[in-house]
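Trainee: Dropping in model-v1.txt, which is compact mmCIF, C-alpha atoms:
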# COMPACT_ATOMS: atom_id res chain seq x y z
CA MET W 283 -13.41 -43.33 3.65
CA LYS W 284 -13.46 -44.76 0.12
CA LYS W 285 -16.25 -42.34 -0.81
CA PHE W 286 -14.24 -39.46 0.66
CA ASP W 287 -11.12 -40.52 -1.26
CA ASP W 288 -13.11 -40.81 -4.51
CA VAL W 289 -14.61 -37.35 -4.01
CA ILE W 290 -11.14 -35.83 -3.55
CA GLN W 291 -9.79 -37.51 -6.69
CA THR W 292 -12.81 -36.42 -8.74
CA SER W 293 -12.52 -32.86 -7.41
CA VAL W 294 -8.89 -32.70 -8.55
CA ARG W 295 -9.82 -33.86 -12.05
CA GLU W 296 -12.65 -31.32 -12.25
CA GLY W 297 -10.54 -28.37 -11.05
CA VAL W 298 -12.45 -27.86 -7.79
CA SER W 299 -10.65 -25.58 -5.31
CA ASP W 300 -12.71 -26.17 -2.13
CA VAL W 301 -14.91 -28.94 -0.80
CA HIS W 302 -17.56 -28.63 1.95
CA ILE W 303 -19.05 -31.68 3.66
CA THR W 304 -21.93 -31.34 6.15
CA GLY W 305 -24.14 -34.07 7.61
CA GLY W 306 -27.48 -34.47 5.85
CA ARG W 307 -26.65 -31.80 3.25
CA PRO W 308 -25.73 -32.30 -0.41
CA PHE W 309 -22.05 -32.35 -1.26
CA CYS W 310 -20.86 -28.78 -1.83
CA PHE W 311 -17.86 -27.54 -3.80
CA ARG W 312 -16.33 -24.34 -5.15
CA LYS W 313 -15.16 -24.18 -8.76
CA ASN W 314 -13.97 -21.05 -10.57
CA GLY W 315 -14.97 -19.07 -7.49
CA ALA W 316 -18.63 -20.19 -7.56
CA ILE W 317 -20.40 -22.55 -5.13
CA GLY W 318 -22.03 -25.68 -6.57
CA PHE W 319 -23.88 -28.73 -5.22
CA ASN W 320 -24.13 -32.43 -6.05
CA PRO W 321 -27.31 -33.78 -4.41
CA ALA W 322 -26.36 -37.35 -5.33
CA ILE W 323 -23.52 -37.33 -2.77
CA ARG W 324 -24.40 -37.04 0.91
CA TRP W 325 -23.04 -38.09 4.27
CA THR W 326 -25.04 -38.53 7.44
CA ALA W 327 -23.75 -36.88 10.62
CA PRO W 328 -22.64 -40.26 12.12
CA GLU W 329 -20.86 -41.14 8.86
CA ILE W 330 -18.91 -37.88 9.07
CA ASP W 331 -17.88 -38.73 12.64
CA GLU W 332 -16.62 -42.13 11.44
CA MET W 333 -14.80 -40.51 8.52
CA ILE W 334 -13.08 -37.84 10.63
CA SER W 335 -11.96 -40.14 13.42
CA PRO W 336 -9.07 -41.89 11.59
CA LEU W 337 -7.85 -38.55 10.21
CA LEU W 338 -7.05 -37.22 13.69
CA ASN W 339 -4.57 -38.39 16.29
CA GLN W 340 -5.39 -38.33 19.98
CA ARG W 341 -3.94 -34.85 20.49
CA GLN W 342 -6.03 -33.46 17.64
CA ARG W 343 -9.16 -35.14 18.98
CA ARG W 344 -8.54 -33.48 22.34
CA ILE W 345 -8.22 -30.07 20.62
CA LEU W 346 -11.44 -30.71 18.70
CA ARG W 347 -13.28 -31.54 21.93
CA GLU W 348 -11.96 -28.44 23.68
CA ARG W 349 -12.17 -25.86 20.87
CA HIS W 350 -14.93 -27.47 18.76
CA SER W 351 -12.67 -27.00 15.72
CA ILE W 352 -9.31 -28.20 14.44
CA ASP W 353 -7.14 -27.09 11.52
CA PHE W 354 -4.64 -29.48 9.93
CA ALA W 355 -3.13 -30.50 6.59
CA MET W 356 -2.62 -33.95 5.15
CA THR W 357 -2.03 -35.86 1.91
CA ILE W 358 -4.58 -38.29 0.52
CA GLY W 359 -3.92 -40.08 -2.75
CA HIS W 360 -0.95 -37.75 -3.40
CA VAL W 361 -3.23 -34.70 -3.12
CA ARG W 362 -2.37 -32.12 -0.46
CA LEU W 363 -5.34 -30.92 1.59
CA ARG W 364 -5.81 -28.22 4.22
CA ILE W 365 -8.75 -29.29 6.36
CA ASN W 366 -10.77 -27.43 8.96
CA VAL W 367 -13.19 -29.52 11.04
CA PHE W 368 -15.76 -27.48 12.97
CA ASN W 369 -18.92 -28.06 14.95
CA THR W 370 -22.33 -26.90 13.69
CA ASN W 371 -25.99 -27.34 14.62
CA VAL W 372 -26.11 -30.49 12.46
CA GLY W 373 -22.85 -32.00 13.69
CA LEU W 374 -19.27 -31.83 12.49
CA SER W 375 -18.51 -30.26 9.11
CA LEU W 376 -15.39 -30.14 6.95
CA ALA W 377 -14.05 -27.24 4.90
CA ILE W 378 -11.29 -28.58 2.65
CA ARG W 379 -8.92 -26.58 0.47
CA LEU W 380 -7.26 -28.56 -2.33
CA LEU W 381 -3.76 -27.19 -2.67
CA PRO W 382 -1.85 -27.07 -5.95
CA GLY W 383 0.59 -29.95 -6.23
CA VAL W 384 3.22 -27.68 -7.77
CA ILE W 385 4.11 -24.46 -5.95
CA PRO W 386 3.47 -21.43 -8.20
CA THR W 387 6.43 -19.20 -9.04
CA LEU W 388 6.50 -15.51 -8.13
CA ALA W 389 5.86 -14.66 -11.79
CA LYS W 390 2.81 -16.93 -12.00
CA LEU W 391 1.43 -15.26 -8.86
CA ASN W 392 1.51 -11.91 -10.72
CA LEU W 393 3.89 -10.44 -8.15
CA HIS W 394 6.36 -7.63 -8.78
CA PRO W 395 9.69 -8.81 -10.27
CA SER W 396 11.60 -7.06 -7.47
CA LEU W 397 10.51 -9.81 -5.07
CA GLN W 398 13.14 -11.99 -6.73
CA GLN W 399 15.63 -9.91 -4.73
CA VAL W 400 14.15 -11.28 -1.50
CA CYS W 401 15.38 -14.74 -2.53
CA GLN W 402 18.94 -13.40 -2.75
CA GLU W 403 18.98 -11.93 0.76
CA LYS W 404 21.28 -13.73 3.20
CA THR W 405 20.29 -12.01 6.47
CA GLY W 406 17.52 -9.87 7.91
CA LEU W 407 13.78 -10.04 8.60
CA ILE W 408 11.24 -10.42 5.80
CA LEU W 409 7.64 -9.78 6.87
CA VAL W 410 4.84 -10.90 4.54
CA CYS W 411 1.61 -9.31 5.75
CA GLY W 412 -2.05 -9.13 4.85
CA THR W 413 -5.49 -10.30 5.84
CA THR W 414 -6.67 -13.91 6.00
CA GLY W 415 -6.93 -15.46 2.54
CA CYS W 416 -4.83 -12.84 0.73
CA GLY W 417 -2.15 -15.34 -0.30
CA LYS W 418 0.57 -14.76 2.33
CA SER W 419 1.38 -18.47 2.67
CA THR W 420 1.57 -18.97 -1.09
CA THR W 421 3.86 -15.95 -1.54
CA ILE W 422 6.19 -17.28 1.18
CA ALA W 423 6.10 -20.76 -0.41
CA ALA W 424 7.06 -19.25 -3.77
CA ILE W 425 9.99 -17.41 -2.15
CA ILE W 426 11.20 -20.60 -0.43
CA ASP W 427 10.87 -22.58 -3.64
CA GLU W 428 12.87 -19.94 -5.54
CA ILE W 429 15.67 -20.10 -2.95
CA ASN W 430 15.57 -23.89 -3.22
CA ARG W 431 16.00 -23.70 -7.01
CA THR W 432 18.74 -21.08 -7.08
CA ARG W 433 21.16 -21.51 -4.17
CA ALA W 434 22.45 -23.91 -1.57
CA ALA W 435 21.03 -23.18 1.88
CA HIS W 436 19.62 -24.93 4.93
CA ILE W 437 15.97 -23.91 5.27
CA ILE W 438 13.92 -24.79 8.37
CA THR W 439 10.20 -23.96 8.48
CA LEU W 440 7.96 -23.72 11.56
CA GLU W 441 4.35 -23.94 10.38
CA ASP W 442 0.77 -24.37 11.60
CA PRO W 443 -0.06 -26.54 9.72
CA ILE W 444 2.36 -27.58 6.96
CA GLU W 445 0.50 -26.63 3.78
CA TYR W 446 2.96 -26.79 0.90
CA ARG W 447 5.53 -29.58 1.07
CA PHE W 448 9.01 -29.11 -0.38
CA THR W 449 11.61 -31.51 -1.64
CA THR W 450 15.34 -30.81 -1.55
CA ASN W 451 16.74 -29.27 -4.74
CA LYS W 452 19.76 -27.02 -4.20
CA SER W 453 18.72 -26.37 -0.59
CA LEU W 454 18.10 -28.73 2.30
CA ILE W 455 14.55 -28.02 3.50
CA GLN W 456 13.22 -29.37 6.82
CA GLN W 457 9.64 -28.63 7.81
CA ARG W 458 8.28 -28.73 11.36
CA GLU W 459 4.61 -28.51 12.25
CA LEU W 460 3.16 -26.99 15.41
CA GLY W 461 1.82 -29.71 17.70
CA THR W 462 3.30 -32.53 15.61
CA HIS W 463 7.02 -31.73 15.53
CA ILE W 464 7.25 -28.77 17.92
CA PRO W 465 5.11 -28.07 21.01
CA SER W 466 5.15 -24.30 20.35
CA PHE W 467 6.65 -21.68 18.04
CA MET W 468 8.71 -20.50 21.00
CA GLN W 469 10.29 -23.93 21.48
CA GLY W 470 10.84 -24.25 17.75
CA LEU W 471 12.60 -20.87 17.59
CA THR W 472 14.73 -21.77 20.60
CA ASP W 473 15.77 -25.04 18.97
CA VAL W 474 16.31 -23.74 15.46
CA LEU W 475 19.35 -21.61 16.31
CA ARG W 476 21.18 -24.83 17.28
CA GLU W 477 20.29 -26.55 14.00
CA ASP W 478 22.66 -24.66 11.64
CA PRO W 479 20.00 -22.86 9.56
CA ASP W 480 20.55 -20.29 6.82
CA VAL W 481 16.85 -19.48 6.33
CA ILE W 482 14.18 -19.69 9.05
CA VAL W 483 10.49 -19.50 8.16
CA VAL W 484 7.95 -18.73 10.91
CA GLY W 485 4.36 -19.47 9.97
CA GLU W 486 2.81 -16.58 11.86
CA LEU W 487 3.89 -14.02 14.45
CA ARG W 488 1.29 -13.94 17.21
CA GLU W 489 2.71 -13.90 20.72
CA PRO W 490 5.27 -11.37 22.06
CA GLU W 491 7.74 -14.12 22.95
CA THR W 492 7.54 -15.53 19.42
CA ILE W 493 8.19 -12.04 18.01
CA ARG W 494 11.13 -11.52 20.39
CA LEU W 495 12.74 -14.84 19.42
CA THR W 496 12.15 -14.11 15.73
CA LEU W 497 13.94 -10.77 16.03
CA HIS W 498 16.74 -12.50 17.93
CA ALA W 499 17.11 -15.07 15.13
CA ALA W 500 17.31 -12.30 12.52
CA GLU W 501 19.74 -10.34 14.67
CA SER W 502 22.04 -13.37 14.93
CA GLY W 503 22.70 -13.30 11.19
CA HIS W 504 19.98 -15.49 9.64
CA LEU W 505 17.42 -14.74 6.96
CA VAL W 506 14.05 -14.96 8.72
CA ILE W 507 10.78 -14.96 6.77
CA ALA W 508 7.54 -14.58 8.76
CA SER W 509 3.88 -13.78 8.17
CA LEU W 510 1.87 -11.24 10.12
CA HIS W 511 -1.72 -10.03 10.01
CA ALA W 512 -1.60 -6.35 9.04
CA THR W 513 -3.24 -4.14 6.40
CA LYS W 514 -0.40 -1.62 5.91
CA GLY W 515 3.38 -1.66 6.33
CA GLU W 516 3.14 1.00 9.02
CA ASP W 517 0.55 -1.13 10.86
CA ALA W 518 2.83 -4.17 10.72
CA ILE W 519 5.68 -2.27 12.36
CA TYR W 520 3.29 -0.81 14.95
CA ARG W 521 2.01 -4.28 15.75
CA VAL W 522 5.48 -5.71 16.27
CA CYS W 523 6.50 -2.84 18.60
CA ASN W 524 3.20 -2.57 20.49
CA SER W 525 3.15 -6.27 21.33
CA PHE W 526 5.52 -5.47 24.18
CA PRO W 527 5.18 -3.44 27.40
CA PRO W 528 6.07 0.27 27.07
CA GLY W 529 9.30 -0.21 29.01
CA THR W 530 10.74 -2.59 26.41
CA GLN W 531 9.42 -1.01 23.20
CA ASP W 532 12.53 1.12 22.65
CA GLU W 533 14.70 -2.00 22.69
CA ILE W 534 12.34 -3.79 20.28
CA ARG W 535 12.33 -0.84 17.88
CA PHE W 536 16.13 -0.84 17.79
CA GLN W 537 16.16 -4.60 17.15
CA LEU W 538 13.58 -4.23 14.40
CA ALA W 539 15.47 -1.33 12.80
CA SER W 540 18.73 -3.28 12.78
CA THR W 541 17.21 -6.43 11.25
CA MET W 542 14.49 -5.13 8.94
CA GLY W 543 14.87 -6.28 5.36
CA TRP W 544 11.48 -6.14 3.62
CA THR W 545 7.92 -5.59 4.79
CA ILE W 546 5.48 -6.73 2.10
CA VAL W 547 1.75 -6.16 2.56
CA GLN W 548 -0.47 -8.02 0.12
CA HIS W 549 -4.11 -7.42 -0.90
CA LEU W 550 -6.14 -9.09 -3.62
CA VAL W 551 -8.03 -6.64 -5.83
CA TYR W 552 -10.49 -7.54 -8.58
CA LEU W 553 -9.21 -6.27 -11.92
CA GLU W 554 -12.11 -5.86 -14.30
CA ARG W 555 -10.07 -5.98 -17.49
CA ALA W 556 -8.47 -9.27 -16.39
CA GLY W 557 -11.63 -10.81 -14.97
CA PHE W 558 -10.02 -12.02 -11.75
CA ARG W 559 -8.25 -10.78 -8.63
CA VAL W 560 -4.58 -9.78 -8.70
CA PRO W 561 -2.22 -8.96 -5.80
CA VAL W 562 -1.60 -5.31 -4.98
CA LEU W 563 1.40 -4.77 -2.72
CA SER W 564 2.92 -2.28 -0.38
CA ILE W 565 6.70 -2.74 -0.29
CA ILE W 566 8.83 -1.16 2.42
CA LYS W 567 12.54 -1.98 2.47
CA GLY W 568 14.90 -1.49 5.36
CA THR W 569 16.61 1.55 3.90
CA GLN W 570 18.60 3.89 6.12
CA SER W 571 15.74 6.41 6.18
CA ILE W 572 13.15 3.76 7.13
CA LYS W 573 15.41 2.32 9.84
CA GLY W 574 15.96 5.82 11.23
CA LEU W 575 12.21 6.45 11.45
CA ILE W 576 11.74 3.16 13.34
CA ARG W 577 14.55 3.94 15.80
CA ASP W 578 13.21 7.46 16.37
CA ASN W 579 9.65 6.16 16.84
CA LYS W 580 8.38 8.23 13.90
CA LEU W 581 6.33 5.41 12.45
CA PHE W 582 3.64 7.80 11.20
CA GLN W 583 6.16 9.08 8.63
CA ILE W 584 6.77 5.67 7.04
CA GLU W 585 3.98 6.09 4.50
CA ASN W 586 5.48 9.37 3.27
CA ALA W 587 8.94 7.79 3.16
CA ALA W 588 7.53 5.01 0.96
CA HIS W 589 6.12 7.68 -1.39
CA MET W 590 9.56 9.31 -1.60
CA GLY W 591 11.47 6.02 -1.93
CA LYS W 592 10.59 5.23 -5.53
CA ASN W 593 14.23 5.05 -6.63
CA GLU W 594 14.98 2.57 -3.83
CA GLY W 595 12.16 0.21 -4.84
CA LEU W 596 9.61 1.23 -2.19
CA PHE W 597 5.92 1.22 -3.06
CA THR W 598 2.71 2.36 -1.47
CA MET W 599 -0.34 0.42 -2.63
CA GLU W 600 -1.64 3.40 -4.60
CA ARG W 601 1.62 3.79 -6.51
CA TYR W 602 1.97 0.02 -6.98
CA LEU W 603 -1.50 -0.07 -8.52
CA SER W 604 -0.91 2.88 -10.83
CA GLU W 605 2.71 2.20 -11.81
CA TYR W 606 2.74 -1.59 -12.01
CA VAL W 607 -0.71 -3.22 -12.12
CA ASN W 608 -2.37 -0.66 -14.41
CA THR W 609 0.58 -0.61 -16.83
CA ARG W 610 0.95 -4.38 -17.14
CA ASP W 611 -0.41 -5.87 -20.37
CA SER W 612 -1.42 -9.33 -19.15
CA PHE W 613 -1.67 -11.48 -16.04
CA VAL W 614 -1.56 -15.19 -15.34
CA ASN W 615 -5.03 -16.51 -14.51
CA PRO W 616 -5.05 -17.80 -10.90
CA GLN W 617 -7.01 -20.85 -12.07
CA GLN W 618 -3.83 -22.01 -13.78
CA SER W 619 -1.58 -21.36 -10.79
CA PHE W 620 -3.93 -22.75 -8.14
CA LYS W 621 -5.44 -25.64 -10.04
CA PRO W 622 -5.38 -28.64 -7.68
CA SER W 623 -3.13 -31.46 -8.85
CA GLU W 624 -1.17 -34.39 -7.52
CA GLU W 625 1.74 -33.37 -5.32
CA ALA W 626 5.17 -33.13 -6.88
CA VAL W 627 6.56 -34.30 -3.52
CA THR W 628 6.35 -38.09 -3.32
CA GLU W 629 8.26 -38.82 -0.11
CA SER W 630 6.23 -40.17 2.79
CA THR W 631 6.10 -38.65 6.24
CA TYR W 632 7.57 -40.63 9.11
CA THR W 633 7.26 -40.53 12.89
CA SER W 634 10.26 -41.80 14.78
CA SER W 635 9.67 -44.60 17.27
CA LEU W 636 11.91 -42.65 19.67
CA ILE W 637 9.29 -39.89 19.69
CA ALA W 638 6.21 -42.12 19.51
CA PRO W 639 6.81 -45.72 20.62
CA GLN W 640 3.36 -46.80 19.39
CA SER W 641 3.67 -45.04 16.03
CA PRO W 642 3.18 -47.10 12.86
CA GLY W 643 5.97 -44.98 11.35
CA LYS W 644 5.52 -44.44 7.63
CA GLU W 645 2.36 -42.66 6.49
CA THR W 646 0.31 -44.72 4.06
CA PHE W 647 -1.95 -43.18 1.44
CA LEU W 648 -5.57 -44.27 1.50
CA PRO W 649 -6.42 -46.82 -1.21
CA ARG W 650 -9.39 -46.57 -3.52
CA ASP W 651 -10.58 -50.15 -3.81
CA GLY W 652 -12.31 -52.49 -1.40
CA ASP W 653 -13.72 -51.71 2.03
CA GLU W 654 -11.64 -54.43 3.65
CA GLU W 655 -8.49 -52.93 2.20
CA VAL W 656 -9.56 -49.47 3.37
CA HIS W 657 -10.00 -50.60 6.97
CA LYS W 658 -6.66 -52.40 6.83
CA TYR W 659 -4.87 -49.23 5.76
CA LEU W 660 -6.77 -46.95 8.12
CA SER W 661 -5.17 -48.69 11.07
CA LEU W 662 -1.77 -47.79 9.61
CA PHE W 663 -2.78 -44.27 8.67
CA ARG W 664 -3.93 -43.28 12.15
CA PRO W 665 -1.15 -41.24 13.86
CA ALA W 666 0.07 -42.36 17.23
CA PRO W 667 -1.39 -40.72 20.35
CA ASP W 668 2.03 -39.63 21.51
CA MET W 669 1.68 -35.90 22.06
CA ASP W 670 -1.26 -35.57 24.41
CA ILE W 671 -1.10 -32.43 26.49
CA MET W 672 -2.57 -34.25 29.48
CA PRO W 673 -2.34 -38.04 29.97
CA GLU W 674 -5.48 -40.02 30.71
CA LEU W 675 -5.99 -40.67 34.42
CA ASP W 676 -4.88 -44.09 35.52
CA SER W 677 -7.73 -46.27 36.76
CA THR W 678 -6.03 -46.64 40.17
CA ILE W 679 -5.95 -42.90 40.86
CA HIS W 680 -8.53 -41.48 43.30
CA VAL W 681 -9.64 -37.88 42.98
CA ILE W 682 -10.03 -36.45 46.48
CA ASP W 683 -12.50 -33.69 47.31
CA GLY W 684 -10.85 -31.42 49.86
CA ASP W 685 -14.19 -30.83 51.63
CA ALA W 686 -15.06 -34.52 51.95
CA SER W 687 -14.90 -36.25 55.33
CA MET W 688 -12.75 -39.32 55.96
CA ASP W 689 -15.86 -41.54 56.06
CA ASP W 690 -16.92 -40.23 52.64
CA LEU W 691 -13.46 -40.95 51.22
CA LEU W 692 -13.44 -44.49 52.61
CA MET W 693 -16.89 -45.09 51.16
CA GLN W 694 -15.76 -43.86 47.72
CA MET W 695 -12.74 -46.15 47.81
CA ARG W 696 -14.86 -49.11 48.88
CA ARG W 697 -17.28 -48.58 45.99
CA ARG W 698 -14.44 -48.12 43.49
CA GLU W 699 -12.46 -51.20 44.54
CA GLY W 700 -15.42 -53.43 45.21
CA GLY W 701 -14.33 -54.16 48.73
CA ALA W 702 -13.33 -52.70 52.05
CA PRO W 703 -10.28 -50.44 52.02
CA LYS W 704 -7.27 -51.38 54.03
CA LYS W 705 -6.83 -49.57 57.30
CA ASN W 706 -3.86 -47.25 57.64
CA LYS W 707 -1.31 -48.32 60.28
In structure tokens, how does this file's structure come out?

Mentor:
Amino acid sequence: MKKFDDVIQTSVREGVSDVHITGGRPFCFRKNGAIGFNPAIRWTAPEIDEMISPLLNQRQRRILRERHSIDFAMTIGHVRLRINVFNTNVGLSLAIRLLPGVIPTLAKLNLHPSLQQVCQEKTGLILVCGTTGCGKSTTIAAIIDEINRTRAAHIITLEDPIEYRFTTNKSLIQQRELGTHIPSFMQGLTDVLREDPDVIVVGELREPETIRLTLHAAESGHLVIASLHATKGEDAIYRVCNSFPPGTQDEIRFQLASTMGWTIVQHLVYLERAGFRVPVLSIIKGTQSIKGLIRDNKLFQIENAAHMGKNEGLFTMERYLSEYVNTRDSFVNPQQSFKPSEEAVTESTYTSSLIAPQSPGKETFLPRDGDEEVHKYLSLFRPAPDMDIMPELDSTIHVIDGDASMDDLLMQMRRREGGAPKKNK
């Protein structure tokens, strides 16, 4: 663990964005977008098993055994990490993203200035869409951070996992992680309406019930910000509506039309004159014409409406590229915005003893000196096994085969208990 902690600290100092650790292979990292190796640093497969074990609680170990992968986020040495552990032909491997300690602003992300208006919205549904790795989570984090800096609100986030951590500024921000603080997005969305929120953030819309509860939360007068996998604004709206059976789609379309605020689709496009990738957006606002097309199920006309909605701040990607990206003089280099650094948030996480009686409570950062000290702190760092989906079978429980005869059952019990079973009266 000390070697792992040292590698993370060195990677932060060197501006490394990603770290890859595989048993028997040289240490691998990504810096400035390019893969590099350090043959002097290696872990064996058993050493990786020993290193991963204290990072996971019992629930996460169960998920790893069942799925052969687990995705989670954690803080080590005040550096925020998003970690994916996955199984390979040479054992377990880790893919680690080092997150920036300070959340980038919308301006530093090279996003359109009109997105500042999203932070002023008080009600409605904001969808931030795109493919994996396009920056949806970072854009949402920048919006939340802007709200936190500019107005008083109660913000509750439901995430999987918690990537960026926030500290209260003008807003009270409470973050809940799937599997750690909520058993499901559905339960979290059911609870959140009783928790006096102004802004609700949903990590990702996947299941129909999650989408239904998200629309309900927006319909009840809250500002709801959610991410969705989609490549175009029209596709995002199609996906929301088509997640439900045909008999209920009309109702969902009316709900979506009444709550729709913004649908932002984000792509990263390499800009040769800048020398790096910049975001190109499609922006569809919930104007009266867009809401009418959704209610009338004329979703195929949304793209044309976005072309015609220039004066209302709507953009297609083609027009965004030509009218904003290609006319902008300079851009902020992503290496500045995403450079890993120590977290600005210094507060420790805590697990209530009412939730986890065996929990050590306060999270302790891993030290960097002395193996004895490392092992001492690892026992504190390990989360409590309080949220197992299925409890371990008690040693006194007998599993009965329905096809077994009574003699077979008695024989099994005799072998298990080391003696003759008592006769039933």

Trainee: Just the number, please: distance in Å from CA of Gln456 in chain W to CA of Ile345 in chain W, one decimal.

Mentor: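 Separating CA of Gln456 in chain W from CA of Ile345 in chain W is a distance of 25.5 Å.
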
Trainee: At a cut-off of 8 Å, using only C-alpha atoms, what residues contact range 295-303 of chain W? Leave out same-chain residues fewer than 3 positions from it and give the result as a list in words.

Mentor: Gln291, Thr292, Arg307, Pro308, Phe309, Cys310, Phe311, Arg312, Lys313, Asn314, Trp325, Ser375, Leu376, Ala377, Ile378, Arg379, Leu380, Leu381, Phe620, Lys621, Pro622 and Ser623 of chain W

Trainee: I want to know what sits within 12 Å of Gly415 in chain W, based on all atoms listed in the file, with residues of the same chain fewer than 6 positions away left out; could you give that as a PyMOL selection string?

Mentor: chain W and resi 379+421+511+548-550+561

Trainee: Take CA of Ser634 in chain W and CA of Thr462 in chain W and report the distance between them in Å, one decimal.

Mentor: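 Going from CA of Ser634 in chain W over to CA of Thr462 in chain W covers 11.6 Å.
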
Trainee: With distances taken over all atoms listed in the file, which of W:Leu391, W:Leu374, W:Cys411, W:Ala512 is nearest to Asn615 in chain W?

Mentor: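 Distance minimum relative to Asn615 in chain W lands on W:Leu391.
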